[in-house]
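What follows is a set of notes on a single structure, which appears directly below.
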Amino acid sequence: MRRKSWLTLGFFLLFFVPGALLLFLHAKHDQLPLFPERKGGSWSLEFTVSGEQRLGANRSEIRFVLPQEDPYWDVVDENFASSHYSLAVLEEDGVRLATLFRRGSGQEPFSFSYRLQVSSRNPKSGERFQNKKEKKEESLPKEAMDAFAELFAEHCEEKASAACLQTLVNAIVFEHLDQYLRWLTAGDLQSGSFVRGVERLFQDVGIPGKTMYGVPLLEARYAIQLRPILMLGIGEQEVYVLDFTSLKVSPRAKYFVWSKRHSLIQRTSGVELEQIRLSLAPSLLPPSALLARKRNRGGDFLGGLLNLYRLPPATQALYGTLLLLPVAGLLVAILRNLIGLRPFGTFMPALLALALLKTGLWSGMFLFLIVILVGLIGRSLFASMNLLLVPRLNAVLGLVVLLMVGVSAVSFEFAWSPGLTVSLFPVVVLAMMIERMQIVLEESGVGETALRTFNTFIAALLSYLIISKPEVQYFVFAFPEAIFIFLALTVLLGRYTGYRLNELYRFREFAR
Amino acid sequence: MAWLASPRTLKKQGVLGMNHRNGAYVQLLNRRRSYPKADNKIITKNLALEAGIAVPELYTTFSSTGELRDLESRIADFSDFVVKPARGSGGNGVLVLQNRDGALTKLDDTPFHIESLKTHIANTLHGLYSLGGKPDEAMVEYRVRFSKIFTRITYQGVPDFRIIVFQGVPVLAMMRLPTKKSQGRANLHQGAIGVGLSIADGETSHAIWNGSSITHHPDTGGELQGIEIPYWERLLRIAMSCADMTGLGYLGADLVLDEDRGPLLLELNVRPGLAVQLANQKGLRAILERVASHNPRSLDFEERLRLSKTAS
């Protein structure tokens, strides 16, 4: 081999060896599989409180409710982090309570977070609900029970199922809400007493249930409250959850049940609470890996440096996306240096691909095309006003933002969700792309512009197809050290001095 | 003709690809801090004047928008001139204007308002036409009148000569002819014609336009082959001096032939060398390797000139 090839190999190994070694050790120690298991199997939940000690108080205390045992979810990791406060966990009537306390005065600000990792499991035995003995004064008005029995008989004649439960929920909420609200409580749909009233109605028709407070584990949420949910046991095994906040009936396994009580904070004294926040996000790590960690009492690999799932859910989501950038970037580099694609901007397609992750492929592409088209028209309008460069860029930026607001408003009207989830950075990317397109348009004509735009979208599309794979997303999140391997590949690419695919076409006359 | 050439064929023909050019020549032979000497036309011009190389006369420069207040007085003395970004590329942002007693017109005599010129210069200063969008300077300079020999083979613009110089040795050259499609600009990807030139005697050989071979100018009908470029050896010497004055080991010098003033240096390019191969139907890589084997760094000026004529 020539000297240059040896050098290339050396540079490659310089990154590849530590990366692969780290990855191997990490995977082995934490028993992480290289490919993801089913998605949505594990979740991170985080409860954060922040506030300030009340002026003059010389003892402060916050007591909040920890989640109870949930037969459908296994708590694989649980940790507390607090500043300035001591923590004690005690059990009271079967409820675990965490107490934060501090002696001494002074307006000390504090923050506290409680984080837990749960992974789904099949309950050993289904939850059973028993008919409660009703106290006389709690019984419902007869007309409510009769009306509900009629409704039930109409929709769930033969056998109660998820579909018929959904019909019942719809009927209660959309057709007879006034009556039921009057009969059951004076409160609203999301109140516990309303849901408990519905529980009693179901009990009356022979379906026992239980009202608890919990959260749906369906999608990432960064500020959510515990909501009352009605769990109904149907048949031998099946348990369904009636959620009057989302108005959905779902299998029990989609909900994490926190406690019997409505409020997470049970008691406070001597403090002023400023922010109480519950957030949740699907964890990319498979349950088996988390369980292995629970069993693995030998400590974390490298002190947990590479375990991103220990970060707060919002940060996890951020890194889940950010770690995809080097992958998309490598792909764009390959398309440029091996294929000879010429997109606008160095890494614009990679950023577009990340944006597509949030909006979805086709709707995202459609959205970008509209924004670019209108942006181009607006830009030429501003150009004809003889605006200088930076103000003009800003004018285009404003137009793009306005356009996105418009698209979001329209998509809200038509319940088209992708339009609503436009994230922040593509706005700037699109504005700059419009500017570059216009320059190419003026200097090199429509053909060249169309070609480069096409190149940009092809590169974004291909990057998207790769980084949207759950396997890829899992891999970069579970093994952040894989970046070394991508670096090694980048080095290899950077040392490639052979022909690009487009040059084989460009220099085809030499083949004669 | 095949749709694609095989990499093996291209290698055998000694064709230089973009990756190889960047990795083995541009990055190794051109030091980053020498780039401004080529990228900034004002610096290039000053260097050239020090080295005794003729350039189009610089009338005035603008480095801040405040200076635009005396734009009228600064251009009053010149009946025609060219406005350029100092760090532009590919002919972007270049304006050629005539001054008819204070009223500006383009070359086709359509009026051009002084306010439009101010906006154009302000945009230039903000970096609209510069590499990477960085703030820039604008220059106003002498408008080249091309030599009579080109009237039959150019359309509304000045033909220029691109000479690739490797380690101080001219290795490949082409003439670039504006067309109607290129709108007077001499850039191949904008639709100009590339005509291969023999390094030994400056005679035109093969010509390409939009990626395919042609023999006559599409707009004027003039024949493109067999033209002998006057002052050829002087053009070669200027290109070599450019390499010496900038210290760039791999560069493209863009020269013009002015009717009155003879060969002038227009600008330098640190990443040339791909299209010129098509114009010449000759692979550059083979020539570069041949020249490198003669260890050109140890040769003096005249020896390098002789080497260029035998090696290419």
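Labels for the structure tokens follow display order: chains A, B, ..., residues from 1 in each chain, ligands from 1.
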Would you mind listing, as a CSV table (one decimal) with all heavy atoms, in the first residue's frame, all residues of chain B that have at least one atom within 9 Å of chain A, where only C-alpha atoms are what counts?
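File written: selection-v6.csv
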chain,number,residue,atom,x,y,z
B,1,MET,N,-21.0,7.9,-27.8
B,1,MET,CA,-20.3,8.2,-26.6
B,1,MET,C,-21.1,7.6,-25.4
B,1,MET,O,-22.3,7.7,-25.3
B,1,MET,CB,-20.2,9.7,-26.4
B,1,MET,CG,-19.4,10.2,-25.2
B,1,MET,SD,-19.0,11.9,-25.3
B,1,MET,CE,-20.6,12.6,-25.5
B,2,ALA,N,-20.3,7.1,-24.5
B,2,ALA,CA,-20.9,6.5,-23.3
B,2,ALA,C,-21.6,7.5,-22.4
B,2,ALA,O,-21.1,8.7,-22.4
B,2,ALA,CB,-19.9,5.7,-22.5
B,3,TRP,N,-22.5,7.1,-21.6
B,3,TRP,CA,-23.2,8.1,-20.7
B,3,TRP,C,-22.3,8.5,-19.6
B,3,TRP,O,-22.3,9.6,-19.1
B,3,TRP,CB,-24.4,7.4,-20.1
B,3,TRP,CG,-25.6,7.9,-20.8
B,3,TRP,CD1,-26.2,7.4,-21.9
B,3,TRP,CD2,-26.4,9.1,-20.4
B,3,TRP,NE1,-27.3,8.2,-22.3
B,3,TRP,CE2,-27.4,9.3,-21.4
B,3,TRP,CE3,-26.2,10.1,-19.4
B,3,TRP,CZ2,-28.3,10.3,-21.3
B,3,TRP,CZ3,-27.2,11.1,-19.3
B,3,TRP,CH2,-28.2,11.2,-20.3
B,4,LEU,N,-21.5,7.5,-19.1
B,4,LEU,CA,-20.6,7.8,-18.0
B,4,LEU,C,-19.2,7.2,-18.4
B,4,LEU,O,-19.1,6.2,-19.1
B,4,LEU,CB,-21.0,7.1,-16.7
B,4,LEU,CG,-22.3,7.5,-16.0
B,4,LEU,CD1,-22.6,6.7,-14.8
B,4,LEU,CD2,-22.2,9.0,-15.7
B,5,ALA,N,-18.2,7.9,-18.0
B,5,ALA,CA,-16.8,7.4,-18.2
B,5,ALA,C,-16.5,6.6,-17.0
B,5,ALA,O,-17.0,6.8,-15.9
B,5,ALA,CB,-15.9,8.6,-18.3
B,6,SER,N,-15.8,5.5,-17.1
B,6,SER,CA,-15.4,4.7,-16.0
B,6,SER,C,-14.3,5.4,-15.3
B,6,SER,O,-13.4,6.1,-15.9
B,6,SER,CB,-15.0,3.3,-16.4
B,6,SER,OG,-13.7,3.3,-16.9
B,7,PRO,N,-14.2,5.3,-13.9
B,7,PRO,CA,-13.1,6.0,-13.2
B,7,PRO,C,-11.7,5.5,-13.7
B,7,PRO,O,-10.8,6.3,-13.8
B,7,PRO,CB,-13.3,5.5,-11.8
B,7,PRO,CG,-14.7,5.0,-11.7
B,7,PRO,CD,-15.1,4.6,-13.1
B,9,THR,N,-10.9,4.8,-16.8
B,9,THR,CA,-10.6,5.5,-18.1
B,9,THR,C,-10.1,6.9,-17.7
B,9,THR,O,-9.1,7.4,-18.3
B,9,THR,CB,-11.8,5.6,-18.9
B,9,THR,OG1,-12.5,4.4,-19.0
B,9,THR,CG2,-11.5,6.0,-20.3
B,10,LEU,N,-10.8,7.6,-16.8
B,10,LEU,CA,-10.5,8.9,-16.5
B,10,LEU,C,-9.1,9.0,-15.9
B,10,LEU,O,-8.3,9.9,-16.2
B,10,LEU,CB,-11.5,9.5,-15.5
B,10,LEU,CG,-12.9,9.8,-16.1
B,10,LEU,CD1,-13.7,10.6,-15.0
B,10,LEU,CD2,-12.8,10.6,-17.4
B,11,LYS,N,-8.8,8.0,-15.1
B,11,LYS,CA,-7.5,8.0,-14.4
B,11,LYS,C,-6.4,7.8,-15.5
B,11,LYS,O,-5.3,8.4,-15.5
B,11,LYS,CB,-7.4,6.8,-13.4
B,11,LYS,CG,-6.4,7.0,-12.4
B,11,LYS,CD,-6.6,6.2,-11.2
B,11,LYS,CE,-5.5,6.4,-10.2
B,11,LYS,NZ,-5.6,5.6,-9.0
B,13,GLN,N,-6.6,8.6,-18.6
B,13,GLN,CA,-6.5,9.9,-19.3
B,13,GLN,C,-5.8,11.0,-18.5
B,13,GLN,O,-5.7,12.1,-19.0
B,13,GLN,CB,-7.8,10.3,-19.8
B,13,GLN,CG,-8.5,9.3,-20.7
B,13,GLN,CD,-8.3,9.6,-22.2
B,13,GLN,OE1,-7.7,10.7,-22.5
B,13,GLN,NE2,-8.6,8.7,-23.0
B,15,VAL,N,-7.2,12.6,-15.9
B,15,VAL,CA,-8.2,13.7,-15.6
B,15,VAL,C,-8.1,14.0,-14.1
B,15,VAL,O,-8.0,13.1,-13.3
B,15,VAL,CB,-9.6,13.2,-16.0
B,15,VAL,CG1,-10.6,14.3,-15.5
B,15,VAL,CG2,-9.7,13.1,-17.5
B,16,LEU,N,-8.1,15.3,-13.8
B,16,LEU,CA,-8.1,15.7,-12.4
B,16,LEU,C,-9.5,15.9,-11.9
B,16,LEU,O,-10.3,16.7,-12.5
B,16,LEU,CB,-7.3,17.0,-12.3
B,16,LEU,CG,-7.1,17.6,-10.9
B,16,LEU,CD1,-6.2,16.7,-10.1
B,16,LEU,CD2,-6.6,19.0,-11.0
B,17,GLY,N,-9.9,15.2,-10.8
B,17,GLY,CA,-11.2,15.4,-10.2
B,17,GLY,C,-11.2,16.4,-9.1
B,17,GLY,O,-10.1,16.8,-8.7
B,18,MET,N,-12.4,16.8,-8.7
B,18,MET,CA,-12.4,17.9,-7.7
B,18,MET,C,-11.8,17.5,-6.4
B,18,MET,O,-11.1,18.2,-5.7
B,18,MET,CB,-13.9,18.4,-7.5
B,18,MET,CG,-14.0,19.6,-6.7
B,18,MET,SD,-15.7,20.1,-6.5
B,18,MET,CE,-16.1,21.0,-8.0
B,19,ASN,N,-12.1,16.3,-5.9
B,19,ASN,CA,-11.6,15.8,-4.6
B,19,ASN,C,-10.1,15.8,-4.7
B,19,ASN,O,-9.4,16.2,-3.7
B,19,ASN,CB,-12.1,14.4,-4.3
B,19,ASN,CG,-13.6,14.5,-4.0
B,19,ASN,OD1,-14.1,15.5,-3.5
B,19,ASN,ND2,-14.3,13.4,-4.2
B,20,HIS,N,-9.5,15.3,-5.8
B,20,HIS,CA,-8.1,15.2,-5.9
B,20,HIS,C,-7.4,16.5,-6.0
B,20,HIS,O,-6.4,16.8,-5.3
B,20,HIS,CB,-7.7,14.3,-7.1
B,20,HIS,CG,-6.3,13.9,-7.1
B,20,HIS,ND1,-5.7,13.0,-6.2
B,20,HIS,CD2,-5.2,14.3,-7.9
B,20,HIS,CE1,-4.4,12.9,-6.4
B,20,HIS,NE2,-4.1,13.6,-7.5
B,21,ARG,N,-8.1,17.4,-6.7
B,21,ARG,CA,-7.6,18.8,-6.8
B,21,ARG,C,-7.5,19.5,-5.5
B,21,ARG,O,-6.5,20.0,-5.1
B,21,ARG,CB,-8.4,19.6,-7.8
B,21,ARG,CG,-8.0,21.1,-7.9
B,21,ARG,CD,-9.0,22.0,-8.4
B,21,ARG,NE,-10.1,22.2,-7.5
B,21,ARG,CZ,-11.2,22.8,-7.7
B,21,ARG,NH1,-11.4,23.3,-8.9
B,21,ARG,NH2,-12.1,23.0,-6.8
B,22,ASN,N,-8.6,19.4,-4.7
B,22,ASN,CA,-8.7,20.0,-3.4
B,22,ASN,C,-7.7,19.4,-2.4
B,22,ASN,O,-7.0,20.1,-1.7
B,22,ASN,CB,-10.1,19.9,-2.8
B,22,ASN,CG,-11.1,20.8,-3.6
B,22,ASN,OD1,-10.6,21.6,-4.5
B,22,ASN,ND2,-12.3,20.6,-3.4
B,23,GLY,N,-7.7,18.0,-2.4
B,23,GLY,CA,-6.9,17.3,-1.4
B,23,GLY,C,-5.4,17.4,-1.7
B,23,GLY,O,-4.6,17.5,-0.8
B,24,ALA,N,-5.0,17.2,-3.0
B,24,ALA,CA,-3.6,17.0,-3.3
B,24,ALA,C,-3.0,18.3,-3.7
B,24,ALA,O,-1.7,18.4,-3.7
B,24,ALA,CB,-3.5,15.9,-4.3
B,91,GLY,N,-17.8,36.3,-11.5
B,91,GLY,CA,-18.4,37.5,-12.3
B,91,GLY,C,-19.6,38.0,-11.6
B,91,GLY,O,-20.3,38.8,-12.2
B,92,ASN,N,-19.9,37.5,-10.4
B,92,ASN,CA,-21.1,38.0,-9.7
B,92,ASN,C,-20.9,39.4,-9.2
B,92,ASN,O,-19.9,39.8,-8.7
B,92,ASN,CB,-21.5,37.1,-8.5
B,92,ASN,CG,-21.9,35.7,-8.9
B,92,ASN,OD1,-22.2,35.5,-10.1
B,92,ASN,ND2,-21.9,34.8,-8.0
B,93,GLY,N,-21.9,40.3,-9.4
B,93,GLY,CA,-21.9,41.6,-8.9
B,93,GLY,C,-21.1,42.6,-9.7
B,93,GLY,O,-20.7,43.6,-9.2
B,116,SER,N,-29.6,53.4,-8.2
B,116,SER,CA,-29.4,51.9,-8.3
B,116,SER,C,-28.0,51.6,-8.1
B,116,SER,O,-27.7,50.5,-7.5
B,116,SER,CB,-29.9,51.5,-9.7
B,116,SER,OG,-31.2,51.9,-9.9
B,119,THR,N,-27.3,51.6,-4.4
B,119,THR,CA,-27.8,50.3,-3.8
B,119,THR,C,-26.8,49.2,-4.1
B,119,THR,O,-26.5,48.4,-3.2
B,119,THR,CB,-29.2,50.0,-4.3
B,119,THR,OG1,-29.9,51.2,-4.2
B,119,THR,CG2,-29.8,48.9,-3.4
B,120,HIS,N,-26.4,49.1,-5.4
B,120,HIS,CA,-25.6,48.0,-5.8
B,120,HIS,C,-24.3,48.0,-5.0
B,120,HIS,O,-23.8,47.0,-4.5
B,120,HIS,CB,-25.3,48.1,-7.3
B,120,HIS,CG,-24.4,47.0,-7.8
B,120,HIS,ND1,-24.9,45.8,-8.2
B,120,HIS,CD2,-23.0,47.0,-7.9
B,120,HIS,CE1,-23.9,45.1,-8.6
B,120,HIS,NE2,-22.8,45.7,-8.4
B,122,ALA,N,-23.8,49.5,-2.1
B,122,ALA,CA,-24.0,49.2,-0.7
B,122,ALA,C,-24.2,47.7,-0.4
B,122,ALA,O,-23.7,47.1,0.5
B,122,ALA,CB,-25.3,50.0,-0.2
B,123,ASN,N,-24.9,47.0,-1.3
B,123,ASN,CA,-25.1,45.6,-1.2
B,123,ASN,C,-23.8,44.9,-1.3
B,123,ASN,O,-23.5,43.9,-0.6
B,123,ASN,CB,-26.0,45.1,-2.4
B,123,ASN,CG,-27.5,45.2,-2.0
B,123,ASN,OD1,-27.8,45.3,-0.8
B,123,ASN,ND2,-28.4,45.3,-3.0
B,124,THR,N,-22.9,45.4,-2.2
B,124,THR,CA,-21.6,44.8,-2.3
B,124,THR,C,-20.9,44.9,-1.0
B,124,THR,O,-20.2,43.9,-0.5
B,124,THR,CB,-20.8,45.5,-3.4
B,124,THR,OG1,-21.6,45.5,-4.6
B,124,THR,CG2,-19.4,44.9,-3.7
B,126,HIS,N,-22.1,45.1,1.9
B,126,HIS,CA,-22.7,44.2,2.9
B,126,HIS,C,-22.3,42.8,2.6
B,126,HIS,O,-22.7,41.9,3.4
B,126,HIS,CB,-24.2,44.4,3.0
B,126,HIS,CG,-24.6,45.6,3.7
B,126,HIS,ND1,-25.2,46.7,3.1
B,126,HIS,CD2,-24.4,46.0,5.0
B,126,HIS,CE1,-25.4,47.6,4.0
B,126,HIS,NE2,-24.9,47.2,5.2
B,127,GLY,N,-21.7,42.5,1.5
B,127,GLY,CA,-21.3,41.1,1.3
B,127,GLY,C,-22.2,40.3,0.4
B,127,GLY,O,-22.1,39.1,0.4
B,128,LEU,N,-23.1,40.9,-0.3
B,128,LEU,CA,-24.1,40.1,-1.1
B,128,LEU,C,-23.3,39.3,-2.1
B,128,LEU,O,-23.7,38.1,-2.4
B,128,LEU,CB,-25.1,41.0,-1.8
B,128,LEU,CG,-26.1,40.4,-2.6
B,128,LEU,CD1,-26.9,39.3,-1.8
B,128,LEU,CD2,-27.1,41.4,-3.2
B,129,TYR,N,-22.3,39.8,-2.7
B,129,TYR,CA,-21.6,39.1,-3.8
B,129,TYR,C,-20.3,38.4,-3.3
B,129,TYR,O,-19.6,37.8,-4.1
B,129,TYR,CB,-21.3,40.0,-5.0
B,129,TYR,CG,-22.5,40.7,-5.4
B,129,TYR,CD1,-22.7,42.1,-5.2
B,129,TYR,CD2,-23.6,40.1,-6.1
B,129,TYR,CE1,-23.8,42.8,-5.6
B,129,TYR,CE2,-24.7,40.7,-6.5
B,129,TYR,CZ,-24.8,42.1,-6.2
B,129,TYR,OH,-26.0,42.7,-6.6
B,182,SER,N,-24.3,33.9,-21.8
B,182,SER,CA,-23.6,34.2,-20.6
B,182,SER,C,-23.7,35.7,-20.2
B,182,SER,O,-23.2,36.2,-19.2
B,182,SER,CB,-22.1,33.9,-20.7
B,182,SER,OG,-21.4,34.9,-21.5
B,189,HIS,N,-19.8,28.1,-16.5
B,189,HIS,CA,-21.1,27.5,-16.1
B,189,HIS,C,-22.2,28.5,-16.3
B,189,HIS,O,-23.4,28.2,-16.1
B,189,HIS,CB,-21.0,27.0,-14.7
B,189,HIS,CG,-21.0,28.1,-13.6
B,189,HIS,ND1,-19.9,28.6,-13.0
B,189,HIS,CD2,-22.1,28.8,-13.0
B,189,HIS,CE1,-20.2,29.5,-12.2
B,189,HIS,NE2,-21.5,29.7,-12.1
B,190,GLN,N,-21.9,29.8,-16.7
B,190,GLN,CA,-22.9,30.7,-17.0
B,190,GLN,C,-23.2,30.8,-18.5
B,190,GLN,O,-24.0,31.6,-18.9
B,190,GLN,CB,-22.6,32.1,-16.4
B,190,GLN,CG,-22.7,32.2,-14.9
B,190,GLN,CD,-22.0,33.4,-14.3
B,190,GLN,OE1,-21.1,34.0,-14.9
B,190,GLN,NE2,-22.4,33.8,-13.1
B,191,GLY,N,-22.5,29.9,-19.2
B,191,GLY,CA,-22.8,29.9,-20.6
B,191,GLY,C,-21.7,30.4,-21.6
B,191,GLY,O,-22.0,30.6,-22.8
B,211,GLY,N,-20.9,22.2,-22.1
B,211,GLY,CA,-20.5,20.8,-21.9
B,211,GLY,C,-20.4,20.0,-23.2
B,211,GLY,O,-20.1,18.8,-23.2
B,212,SER,N,-20.6,20.6,-24.4
B,212,SER,CA,-20.3,19.8,-25.6
B,212,SER,C,-19.4,20.6,-26.6
B,212,SER,O,-19.3,21.8,-26.5
B,212,SER,CB,-21.6,19.4,-26.3
B,212,SER,OG,-22.6,20.4,-26.1
B,277,GLN,N,-9.8,21.4,-18.5
B,277,GLN,CA,-9.5,20.1,-19.0
B,277,GLN,C,-10.4,19.7,-20.2
B,277,GLN,O,-10.0,19.1,-21.2
B,277,GLN,CB,-9.6,19.0,-18.0
B,277,GLN,CG,-8.8,19.2,-16.7
B,277,GLN,CD,-8.9,18.1,-15.7
B,277,GLN,OE1,-8.2,17.2,-15.7
B,277,GLN,NE2,-9.9,18.3,-14.8
B,278,LEU,N,-11.7,20.1,-20.0
B,278,LEU,CA,-12.6,19.8,-21.1
B,278,LEU,C,-12.3,20.7,-22.3
B,278,LEU,O,-12.4,20.2,-23.4
B,278,LEU,CB,-14.1,20.1,-20.6
B,278,LEU,CG,-14.6,19.1,-19.6
B,278,LEU,CD1,-15.9,19.6,-19.0
B,278,LEU,CD2,-15.0,17.8,-20.4
B,281,GLN,N,-9.4,19.1,-23.9
B,281,GLN,CA,-9.5,17.7,-24.1
B,281,GLN,C,-8.2,17.0,-23.6
B,281,GLN,O,-7.7,16.1,-24.2
B,281,GLN,CB,-9.8,17.3,-25.6
B,281,GLN,CG,-11.0,17.9,-26.1
B,281,GLN,CD,-12.3,17.1,-25.7
B,281,GLN,OE1,-12.5,16.0,-26.1
B,281,GLN,NE2,-13.1,17.7,-24.8
B,282,LYS,N,-7.8,17.5,-22.4
B,282,LYS,CA,-6.5,17.0,-21.9
B,282,LYS,C,-6.6,16.9,-20.4
B,282,LYS,O,-7.2,17.8,-19.8
B,282,LYS,CB,-5.5,18.1,-22.3
B,282,LYS,CG,-4.2,17.5,-22.8
B,282,LYS,CD,-3.2,18.7,-22.9
B,282,LYS,CE,-2.6,18.7,-24.3
B,282,LYS,NZ,-1.6,19.8,-24.5
B,283,GLY,N,-6.2,15.8,-19.9
B,283,GLY,CA,-6.2,15.6,-18.4
B,283,GLY,C,-5.1,16.4,-17.7
B,283,GLY,O,-4.0,16.4,-18.2
Hey, which bits of stretch 112-228 of chain B sit within 6 Å of stretch 58-64 of chain B, and for each residue what's the closest pair of atoms and how far apart in Å (one decimal), counting only C-alpha atoms, rows by chain and increasing number, as CSV?
residue,atom,partner,partner_atom,distance
B:Glu137,CA,B:Ser63,CA,4.7
B:Ala138,CA,B:Phe62,CA,5.1
B:Met139,CA,B:Thr61,CA,4.3
B:Val140,CA,B:Thr60,CA,5.3
B:Glu141,CA,B:Leu58,CA,4.4
| query | Neighbours of stretch 93-101 of chain A within 10 Å (only C-alpha atoms; same-chain residues fewer than 2 positions away dropped), as a ChimeraX atom specification? | reply | /A:59-69,80,82,84-91,103,112,114,259-261,264-270
Written selection (N, CA and C atoms) as a short mmCIF file (atom, residue, chain, number, x, y, z; two decimals), in the first residue's frame:
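again_9.cif was written with the following content:
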data_model
loop_
_atom_site.label_atom_id
_atom_site.label_comp_id
_atom_site.auth_asym_id
_atom_site.auth_seq_id
_atom_site.Cartn_x
_atom_site.Cartn_y
_atom_site.Cartn_z
N ARG A 59 -38.74 27.66 59.34
CA ARG A 59 -38.78 26.24 59.03
C ARG A 59 -39.65 26.09 57.81
N SER A 60 -39.13 25.39 56.84
CA SER A 60 -39.97 25.24 55.66
C SER A 60 -40.04 23.78 55.27
N GLU A 61 -41.14 23.43 54.69
CA GLU A 61 -41.39 22.03 54.38
C GLU A 61 -42.32 21.91 53.18
N ILE A 62 -41.99 20.94 52.33
CA ILE A 62 -42.89 20.61 51.23
C ILE A 62 -43.07 19.10 51.27
N ARG A 63 -44.30 18.69 51.18
CA ARG A 63 -44.54 17.25 51.20
C ARG A 63 -45.29 16.90 49.93
N PHE A 64 -44.77 15.93 49.20
CA PHE A 64 -45.52 15.54 48.00
C PHE A 64 -45.62 14.03 47.86
N VAL A 65 -46.57 13.67 47.01
CA VAL A 65 -46.94 12.26 46.89
C VAL A 65 -46.08 11.57 45.84
N LEU A 66 -45.47 10.46 46.21
CA LEU A 66 -44.72 9.68 45.24
C LEU A 66 -45.67 8.66 44.61
N PRO A 67 -45.35 8.26 43.39
CA PRO A 67 -46.28 7.33 42.73
C PRO A 67 -46.37 6.00 43.48
N GLN A 68 -47.54 5.43 43.42
CA GLN A 68 -47.72 4.12 44.05
C GLN A 68 -47.28 3.04 43.06
N GLU A 69 -47.27 1.83 43.53
CA GLU A 69 -46.92 0.71 42.67
C GLU A 69 -47.94 0.59 41.54
N PHE A 80 -33.71 11.58 43.20
CA PHE A 80 -34.10 12.90 43.69
C PHE A 80 -32.91 13.83 43.54
N SER A 82 -32.04 17.83 44.96
CA SER A 82 -32.57 19.06 45.54
C SER A 82 -31.44 19.97 45.98
N HIS A 84 -30.31 22.68 48.79
CA HIS A 84 -30.52 23.26 50.12
C HIS A 84 -31.49 22.50 51.02
N TYR A 85 -32.19 21.53 50.51
CA TYR A 85 -33.21 20.89 51.34
C TYR A 85 -32.84 19.45 51.64
N SER A 86 -33.26 18.98 52.80
CA SER A 86 -33.07 17.58 53.14
C SER A 86 -34.33 16.83 52.73
N LEU A 87 -34.13 15.56 52.52
CA LEU A 87 -35.23 14.77 52.01
C LEU A 87 -35.49 13.56 52.90
N ALA A 88 -36.76 13.27 53.13
CA ALA A 88 -37.12 12.04 53.83
C ALA A 88 -38.31 11.44 53.12
N VAL A 89 -38.28 10.13 52.93
CA VAL A 89 -39.40 9.44 52.31
C VAL A 89 -40.05 8.58 53.37
N LEU A 90 -41.35 8.73 53.56
CA LEU A 90 -42.02 7.91 54.55
C LEU A 90 -43.34 7.42 53.98
N GLU A 91 -43.89 6.40 54.62
CA GLU A 91 -45.11 5.83 54.11
C GLU A 91 -46.24 6.09 55.09
N ARG A 103 -34.38 23.81 58.00
CA ARG A 103 -34.50 24.69 59.17
C ARG A 103 -33.70 25.95 58.91
N PHE A 112 -36.22 21.53 43.17
CA PHE A 112 -36.19 20.13 43.49
C PHE A 112 -36.69 19.36 42.29
N TYR A 114 -37.69 15.29 40.96
CA TYR A 114 -37.85 13.87 41.23
C TYR A 114 -38.03 13.22 39.87
N SER A 259 -51.42 8.24 41.80
CA SER A 259 -51.94 8.09 43.16
C SER A 259 -53.45 8.26 43.17
N LYS A 260 -54.00 8.18 44.38
CA LYS A 260 -55.44 8.38 44.57
C LYS A 260 -55.79 9.86 44.65
N ARG A 261 -54.74 10.66 44.91
CA ARG A 261 -55.04 12.06 45.19
C ARG A 261 -54.84 12.93 43.96
N LEU A 264 -50.24 16.60 43.55
CA LEU A 264 -48.96 15.98 43.87
C LEU A 264 -48.41 16.56 45.16
N ILE A 265 -48.63 17.85 45.35
CA ILE A 265 -48.16 18.51 46.57
C ILE A 265 -49.21 18.27 47.65
N GLN A 266 -48.78 17.65 48.71
CA GLN A 266 -49.76 17.36 49.76
C GLN A 266 -49.84 18.48 50.77
N ARG A 267 -48.68 19.01 51.09
CA ARG A 267 -48.67 20.05 52.11
C ARG A 267 -47.43 20.92 51.94
N THR A 268 -47.56 22.19 52.22
CA THR A 268 -46.37 23.03 52.25
C THR A 268 -46.48 23.93 53.47
N SER A 269 -45.33 24.30 53.96
CA SER A 269 -45.35 25.33 54.99
C SER A 269 -44.08 26.14 54.89
N GLY A 270 -44.21 27.41 55.02
CA GLY A 270 -43.05 28.30 55.03
C GLY A 270 -42.41 28.52 53.67
#
| task | Do a neighbour search on A:Asn122 at 10 Å with only C-alpha atoms, toss out local chain neighbours closer than 4 positions, and write the hits as number ranges by chain. | result | A: 71-74, 126, 253
Selection file, C-alpha atoms, as a PDB file, in the first residue's frame:
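The new file part03.pdb reads:
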ATOM      1  CA  PRO A  71     -48.850  -3.237  38.013  1.00  0.00           C
ATOM      2  CA  TYR A  72     -48.378  -2.190  34.368  1.00  0.00           C
ATOM      3  CA  TRP A  73     -45.198  -0.176  34.852  1.00  0.00           C
ATOM      4  CA  ASP A  74     -41.996  -1.214  36.475  1.00  0.00           C
ATOM      5  CA  GLY A 126     -55.134  -8.162  35.885  1.00  0.00           C
ATOM      6  CA  ALA A 253     -51.210  -0.100  29.676  1.00  0.00           C
TER       7      ALA A 253
END
| Please, which residues of stretch 243-303 of chain B, numbered as in this document, come out helix (DSSP H, G or I) from DSSP, as an MDAnalysis selection string? | chainID B and resid 243:246 275:280 284:292 296:298 301:303
